[in-house]
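Heads up: the structure comes next, in structure tokens.
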Amino acid sequence: MGVRINTNLPALEAGRQAGRANTLLAKSLEKLASAARINRAGDDASGLAIAERFSAQIRQGRTEINNLQSGVSAAQTADGGLESQQQATQRLRELAIQASNGTLTDDQRAALNTEAQQLIQQLDDVAEGTQFNEQNLLKQNTSIDPGTEGTVQLNINSSTAASLGADTVDLSTVEGAAQAVETLDTALSRISQNRSNVGAQINRFSSAIEQREGSILHAEDSRSRIRDLDVAQESILQAQAQIKKQSSLATLLQANVNAQSVLRLF
């Protein structure tokens, strides 16, 4: 093999190897610093695409959970209003039974009717005031779509004095009081059915939330396997790159020393 000055092939090769080792070391340090195996598309193009798909699913799932939780809150608000109406209607029924007593005077029965009319007005006040995000829940039949995949919806039947039939209650006479008992029994049944439906929908929303939480957990696990860094393995690769870099630099130095030995021939 000849001895040359202008072209030092060993030094060039050593320099190339040192550059490669330096690149590997830089990438390894970047991964260790970020704790991520994929920091840019060039690290793993297909893996990044798959990981981003999982990220989109996770973000969608979390948003749907928030929407469903809003649905639960709306349903609980409606149930609170219905409970208040149920208590008022039960008191109305008590007054109706009391007013049906034939031993009462007209004045006594009129006093009972006055309280009853106030309770009937309370039913409408509750329906008017039971709102979620400025939306009336009991004033009319209400259907709320939480904006999630599937058919999960919140449906609430109207619950006003008129829809319950309580607006016709009149306790000023014995006959009216007797009729009111039957009317209020029907009203209580409607309120109970409405509350039962709302409760069932709360349970359905809760199940949908749990299902999405499970899906998010699995998606996060899958994304982690693709994108997150195995720190132990990368530490080994980082040490290897460091050794290669030092070895290449040492070889480069030796190659330059060999070239300098040509001077002894002059």
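Residue numbers start at 1 in each chain; chains themselves are named A, B, ... in the order of the structure tokens; ligands are numbered from 1 in the order shown.
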
Counting only C-alpha atoms, which residues of region 44-93 of chain A fall within 12 Å of region 133-152 of chain A, and what is the closest atom pair for each with its distance in Å at one decimal, ordered by chain and rising number, as JSON lines?
{"residue": "A:Gln57", "atom": "CA", "partner": "A:Glu149", "partner_atom": "CA", "distance": 12.0}
{"residue": "A:Gln60", "atom": "CA", "partner": "A:Thr148", "partner_atom": "CA", "distance": 9.0}
{"residue": "A:Gly61", "atom": "CA", "partner": "A:Thr148", "partner_atom": "CA", "distance": 9.0}
{"residue": "A:Arg62", "atom": "CA", "partner": "A:Thr148", "partner_atom": "CA", "distance": 10.8}
{"residue": "A:Thr63", "atom": "CA", "partner": "A:Thr148", "partner_atom": "CA", "distance": 8.7}
{"residue": "A:Glu64", "atom": "CA", "partner": "A:Thr148", "partner_atom": "CA", "distance": 5.6}
{"residue": "A:Ile65", "atom": "CA", "partner": "A:Thr148", "partner_atom": "CA", "distance": 8.6}
{"residue": "A:Asn66", "atom": "CA", "partner": "A:Pro146", "partner_atom": "CA", "distance": 9.2}
{"residue": "A:Asn67", "atom": "CA", "partner": "A:Pro146", "partner_atom": "CA", "distance": 5.4}
{"residue": "A:Leu68", "atom": "CA", "partner": "A:Pro146", "partner_atom": "CA", "distance": 6.0}
{"residue": "A:Gln69", "atom": "CA", "partner": "A:Pro146", "partner_atom": "CA", "distance": 9.0}
{"residue": "A:Ser70", "atom": "CA", "partner": "A:Pro146", "partner_atom": "CA", "distance": 7.7}
{"residue": "A:Gly71", "atom": "CA", "partner": "A:Pro146", "partner_atom": "CA", "distance": 6.2}
{"residue": "A:Val72", "atom": "CA", "partner": "A:Pro146", "partner_atom": "CA", "distance": 9.7}
{"residue": "A:Ser73", "atom": "CA", "partner": "A:Asn133", "partner_atom": "CA", "distance": 10.3}
{"residue": "A:Ala74", "atom": "CA", "partner": "A:Leu137", "partner_atom": "CA", "distance": 8.0}
{"residue": "A:Ala75", "atom": "CA", "partner": "A:Leu137", "partner_atom": "CA", "distance": 8.6}
{"residue": "A:Gln76", "atom": "CA", "partner": "A:Leu137", "partner_atom": "CA", "distance": 10.7}
{"residue": "A:Thr77", "atom": "CA", "partner": "A:Leu137", "partner_atom": "CA", "distance": 8.3}
{"residue": "A:Ala78", "atom": "CA", "partner": "A:Leu137", "partner_atom": "CA", "distance": 6.1}
{"residue": "A:Asp79", "atom": "CA", "partner": "A:Leu138", "partner_atom": "CA", "distance": 9.7}
{"residue": "A:Gly80", "atom": "CA", "partner": "A:Leu138", "partner_atom": "CA", "distance": 10.8}
{"residue": "A:Gly81", "atom": "CA", "partner": "A:Leu138", "partner_atom": "CA", "distance": 7.9}
{"residue": "A:Leu82", "atom": "CA", "partner": "A:Leu138", "partner_atom": "CA", "distance": 8.2}
{"residue": "A:Glu83", "atom": "CA", "partner": "A:Leu138", "partner_atom": "CA", "distance": 11.9}
{"residue": "A:Ser84", "atom": "CA", "partner": "A:Leu138", "partner_atom": "CA", "distance": 12.0}
{"residue": "A:Gln85", "atom": "CA", "partner": "A:Leu138", "partner_atom": "CA", "distance": 10.5}

Print the selection's residues with N, CA and C atoms to a file, as a PDB file, in the first residue's frame.
ATOM      1  N   GLN A  57     -58.099   9.338  18.787  1.00  0.00           N
ATOM      2  CA  GLN A  57     -59.135   8.574  19.469  1.00  0.00           C
ATOM      3  C   GLN A  57     -59.207   8.951  20.950  1.00  0.00           C
ATOM      4  N   GLN A  60     -60.800  12.418  21.294  1.00  0.00           N
ATOM      5  CA  GLN A  60     -62.238  12.310  21.060  1.00  0.00           C
ATOM      6  C   GLN A  60     -62.928  11.677  22.264  1.00  0.00           C
ATOM      7  N   GLY A  61     -62.335  10.607  22.790  1.00  0.00           N
ATOM      8  CA  GLY A  61     -62.934   9.938  23.938  1.00  0.00           C
ATOM      9  C   GLY A  61     -63.053  10.851  25.146  1.00  0.00           C
ATOM     10  N   ARG A  62     -62.019  11.642  25.403  1.00  0.00           N
ATOM     11  CA  ARG A  62     -62.050  12.560  26.555  1.00  0.00           C
ATOM     12  C   ARG A  62     -63.100  13.645  26.357  1.00  0.00           C
ATOM     13  N   THR A  63     -63.221  14.137  25.126  1.00  0.00           N
ATOM     14  CA  THR A  63     -64.238  15.150  24.847  1.00  0.00           C
ATOM     15  C   THR A  63     -65.635  14.567  25.017  1.00  0.00           C
ATOM     16  N   GLU A  64     -65.837  13.335  24.536  1.00  0.00           N
ATOM     17  CA  GLU A  64     -67.149  12.699  24.688  1.00  0.00           C
ATOM     18  C   GLU A  64     -67.477  12.457  26.154  1.00  0.00           C
ATOM     19  N   ILE A  65     -66.474  12.125  26.951  1.00  0.00           N
ATOM     20  CA  ILE A  65     -66.706  11.945  28.393  1.00  0.00           C
ATOM     21  C   ILE A  65     -67.188  13.254  29.016  1.00  0.00           C
ATOM     22  N   ASN A  66     -66.553  14.368  28.632  1.00  0.00           N
ATOM     23  CA  ASN A  66     -66.990  15.670  29.148  1.00  0.00           C
ATOM     24  C   ASN A  66     -68.425  15.957  28.735  1.00  0.00           C
ATOM     25  N   ASN A  67     -68.764  15.632  27.470  1.00  0.00           N
ATOM     26  CA  ASN A  67     -70.132  15.852  26.999  1.00  0.00           C
ATOM     27  C   ASN A  67     -71.125  14.998  27.782  1.00  0.00           C
ATOM     28  N   LEU A  68     -70.751  13.737  28.003  1.00  0.00           N
ATOM     29  CA  LEU A  68     -71.637  12.835  28.737  1.00  0.00           C
ATOM     30  C   LEU A  68     -71.802  13.274  30.190  1.00  0.00           C
ATOM     31  N   GLN A  69     -70.731  13.781  30.781  1.00  0.00           N
ATOM     32  CA  GLN A  69     -70.824  14.269  32.153  1.00  0.00           C
ATOM     33  C   GLN A  69     -71.747  15.482  32.235  1.00  0.00           C
ATOM     34  N   SER A  70     -71.741  16.308  31.177  1.00  0.00           N
ATOM     35  CA  SER A  70     -72.694  17.421  31.127  1.00  0.00           C
ATOM     36  C   SER A  70     -74.114  16.886  31.050  1.00  0.00           C
ATOM     37  N   GLY A  71     -74.302  15.794  30.278  1.00  0.00           N
ATOM     38  CA  GLY A  71     -75.614  15.168  30.202  1.00  0.00           C
ATOM     39  C   GLY A  71     -76.077  14.644  31.549  1.00  0.00           C
ATOM     40  N   VAL A  72     -75.143  14.049  32.299  1.00  0.00           N
ATOM     41  CA  VAL A  72     -75.477  13.565  33.641  1.00  0.00           C
ATOM     42  C   VAL A  72     -75.884  14.728  34.539  1.00  0.00           C
ATOM     43  N   SER A  73     -75.134  15.823  34.447  1.00  0.00           N
ATOM     44  CA  SER A  73     -75.452  16.993  35.268  1.00  0.00           C
ATOM     45  C   SER A  73     -76.837  17.542  34.923  1.00  0.00           C
ATOM     46  N   ALA A  74     -77.155  17.587  33.627  1.00  0.00           N
ATOM     47  CA  ALA A  74     -78.474  18.065  33.209  1.00  0.00           C
ATOM     48  C   ALA A  74     -79.570  17.143  33.753  1.00  0.00           C
ATOM     49  N   ALA A  75     -79.339  15.843  33.664  1.00  0.00           N
ATOM     50  CA  ALA A  75     -80.326  14.883  34.157  1.00  0.00           C
ATOM     51  C   ALA A  75     -80.511  15.008  35.667  1.00  0.00           C
ATOM     52  N   GLN A  76     -79.421  15.204  36.386  1.00  0.00           N
ATOM     53  CA  GLN A  76     -79.511  15.360  37.841  1.00  0.00           C
ATOM     54  C   GLN A  76     -80.251  16.644  38.204  1.00  0.00           C
ATOM     55  N   THR A  77     -80.042  17.695  37.398  1.00  0.00           N
ATOM     56  CA  THR A  77     -80.775  18.942  37.616  1.00  0.00           C
ATOM     57  C   THR A  77     -82.273  18.720  37.436  1.00  0.00           C
ATOM     58  N   ALA A  78     -82.628  17.997  36.359  1.00  0.00           N
ATOM     59  CA  ALA A  78     -84.042  17.693  36.115  1.00  0.00           C
ATOM     60  C   ALA A  78     -84.625  16.856  37.249  1.00  0.00           C
ATOM     61  N   ASP A  79     -83.858  15.888  37.727  1.00  0.00           N
ATOM     62  CA  ASP A  79     -84.345  15.033  38.807  1.00  0.00           C
ATOM     63  C   ASP A  79     -84.577  15.842  40.077  1.00  0.00           C
ATOM     64  N   GLY A  80     -83.713  16.819  40.333  1.00  0.00           N
ATOM     65  CA  GLY A  80     -83.918  17.673  41.509  1.00  0.00           C
ATOM     66  C   GLY A  80     -85.214  18.458  41.405  1.00  0.00           C
ATOM     67  N   GLY A  81     -85.508  18.988  40.200  1.00  0.00           N
ATOM     68  CA  GLY A  81     -86.764  19.701  40.009  1.00  0.00           C
ATOM     69  C   GLY A  81     -87.962  18.784  40.163  1.00  0.00           C
ATOM     70  N   LEU A  82     -87.875  17.588  39.619  1.00  0.00           N
ATOM     71  CA  LEU A  82     -88.977  16.627  39.730  1.00  0.00           C
ATOM     72  C   LEU A  82     -89.213  16.216  41.185  1.00  0.00           C
ATOM     73  N   GLU A  83     -88.145  16.085  41.934  1.00  0.00           N
ATOM     74  CA  GLU A  83     -88.301  15.734  43.357  1.00  0.00           C
ATOM     75  C   GLU A  83     -89.051  16.832  44.098  1.00  0.00           C
ATOM     76  N   SER A  84     -88.716  18.097  43.790  1.00  0.00           N
ATOM     77  CA  SER A  84     -89.423  19.213  44.421  1.00  0.00           C
ATOM     78  C   SER A  84     -90.902  19.201  44.048  1.00  0.00           C
ATOM     79  N   GLN A  85     -91.191  18.921  42.781  1.00  0.00           N
ATOM     80  CA  GLN A  85     -92.588  18.840  42.344  1.00  0.00           C
ATOM     81  C   GLN A  85     -93.310  17.674  43.006  1.00  0.00           C
TER      82      GLN A  85
END

**Request:** If you run DSSP over the backbone, which residues in region 63-146 of chain A end up strand (DSSP E)? Put them as number ranges by chain.
**Result:** A: 131-132, 135-136, 142-144

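Straight-line separation from CA of Thr186 (chain A) to CA of Gln86 (chain A): 11.7 Å.
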
**Message:** Calculated over only C-alpha atoms, which of the candidates A:Thr173, A:Gln242, A:Ser158, A:Gln193 has the smallest distance to Ser100 (chain A)?
**Reply:**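 Nearest to Ser100 (chain A): A:Thr173.
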
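Proximity ranking of A:Asp167, A:Asp124, A:Glu115, A:Glu210 relative to Ala180 (chain A) places A:Asp167 first, based on only C-alpha atoms.
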
**Prompt:** Pick the closest to Asp185 (chain A) from A:Ala41, A:Ile120, A:Ala200, A:Leu92: which is it, counting only C-alpha atoms?
**Reply:**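 Once distances to Asp185 (chain A) are computed over only C-alpha atoms, the minimum belongs to A:Leu92.
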
**Message:** Excluding Ser55 (chain A) and its own-chain neighbours fewer than 3 positions away, which residues fall within 9 Å of it when counting only C-alpha atoms? Please give them as number ranges by chain.
**Reply:** A: 50-52, 58-60, 219-220, 223

**Asked** Out of A:Ser206, A:Thr160, A:Gln201, A:Ser46, which residue has the shortest atom-to-atom distance to Ala127 (chain A) when counting only C-alpha atoms?
**Response** A:Thr160

**Message:** I'd like the contact shell of region 162-165 of chain A - 8 Å cut-off, only C-alpha atoms, skipping same-chain residues fewer than 5 positions apart - returned as a ChimeraX atom specification.
**Reply:** /A:183-184,186-187,190-191

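If you measure from each of A:Leu104, A:Ile156, A:Leu95, A:Gly199 to Gln118 (chain A) using only C-alpha atoms, the closest one turns out to be A:Leu95.
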
**Request:** Work out how far apart CA of Arg195 (chain A) and CA of Ala161 (chain A) are and give it in Å to one decimal.
**Result:**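 Atom-to-atom, CA of Arg195 (chain A) to CA of Ala161 (chain A), that is 16.0 Å.
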
**Prompt:** Where does DSSP see helix (DSSP H, G or I) in region 61-264 of chain A, if you list the residues as number ranges by chain?
**Reply:** A: 61-99, 106-129, 161-164, 166-168, 174-227, 231-264

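Taking CA of Asp107 (chain A) and CA of Ala166 (chain A) as endpoints, the distance between them is 22.2 Å.
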
**Request:** Rank nothing, just name the residue among A:Gln108, A:Asn101, A:Thr114, A:Gln122 nearest to Ala88 (chain A), using only C-alpha atoms.
**Result:**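 Closest to Ala88 (chain A) of all the choices is A:Gln122.
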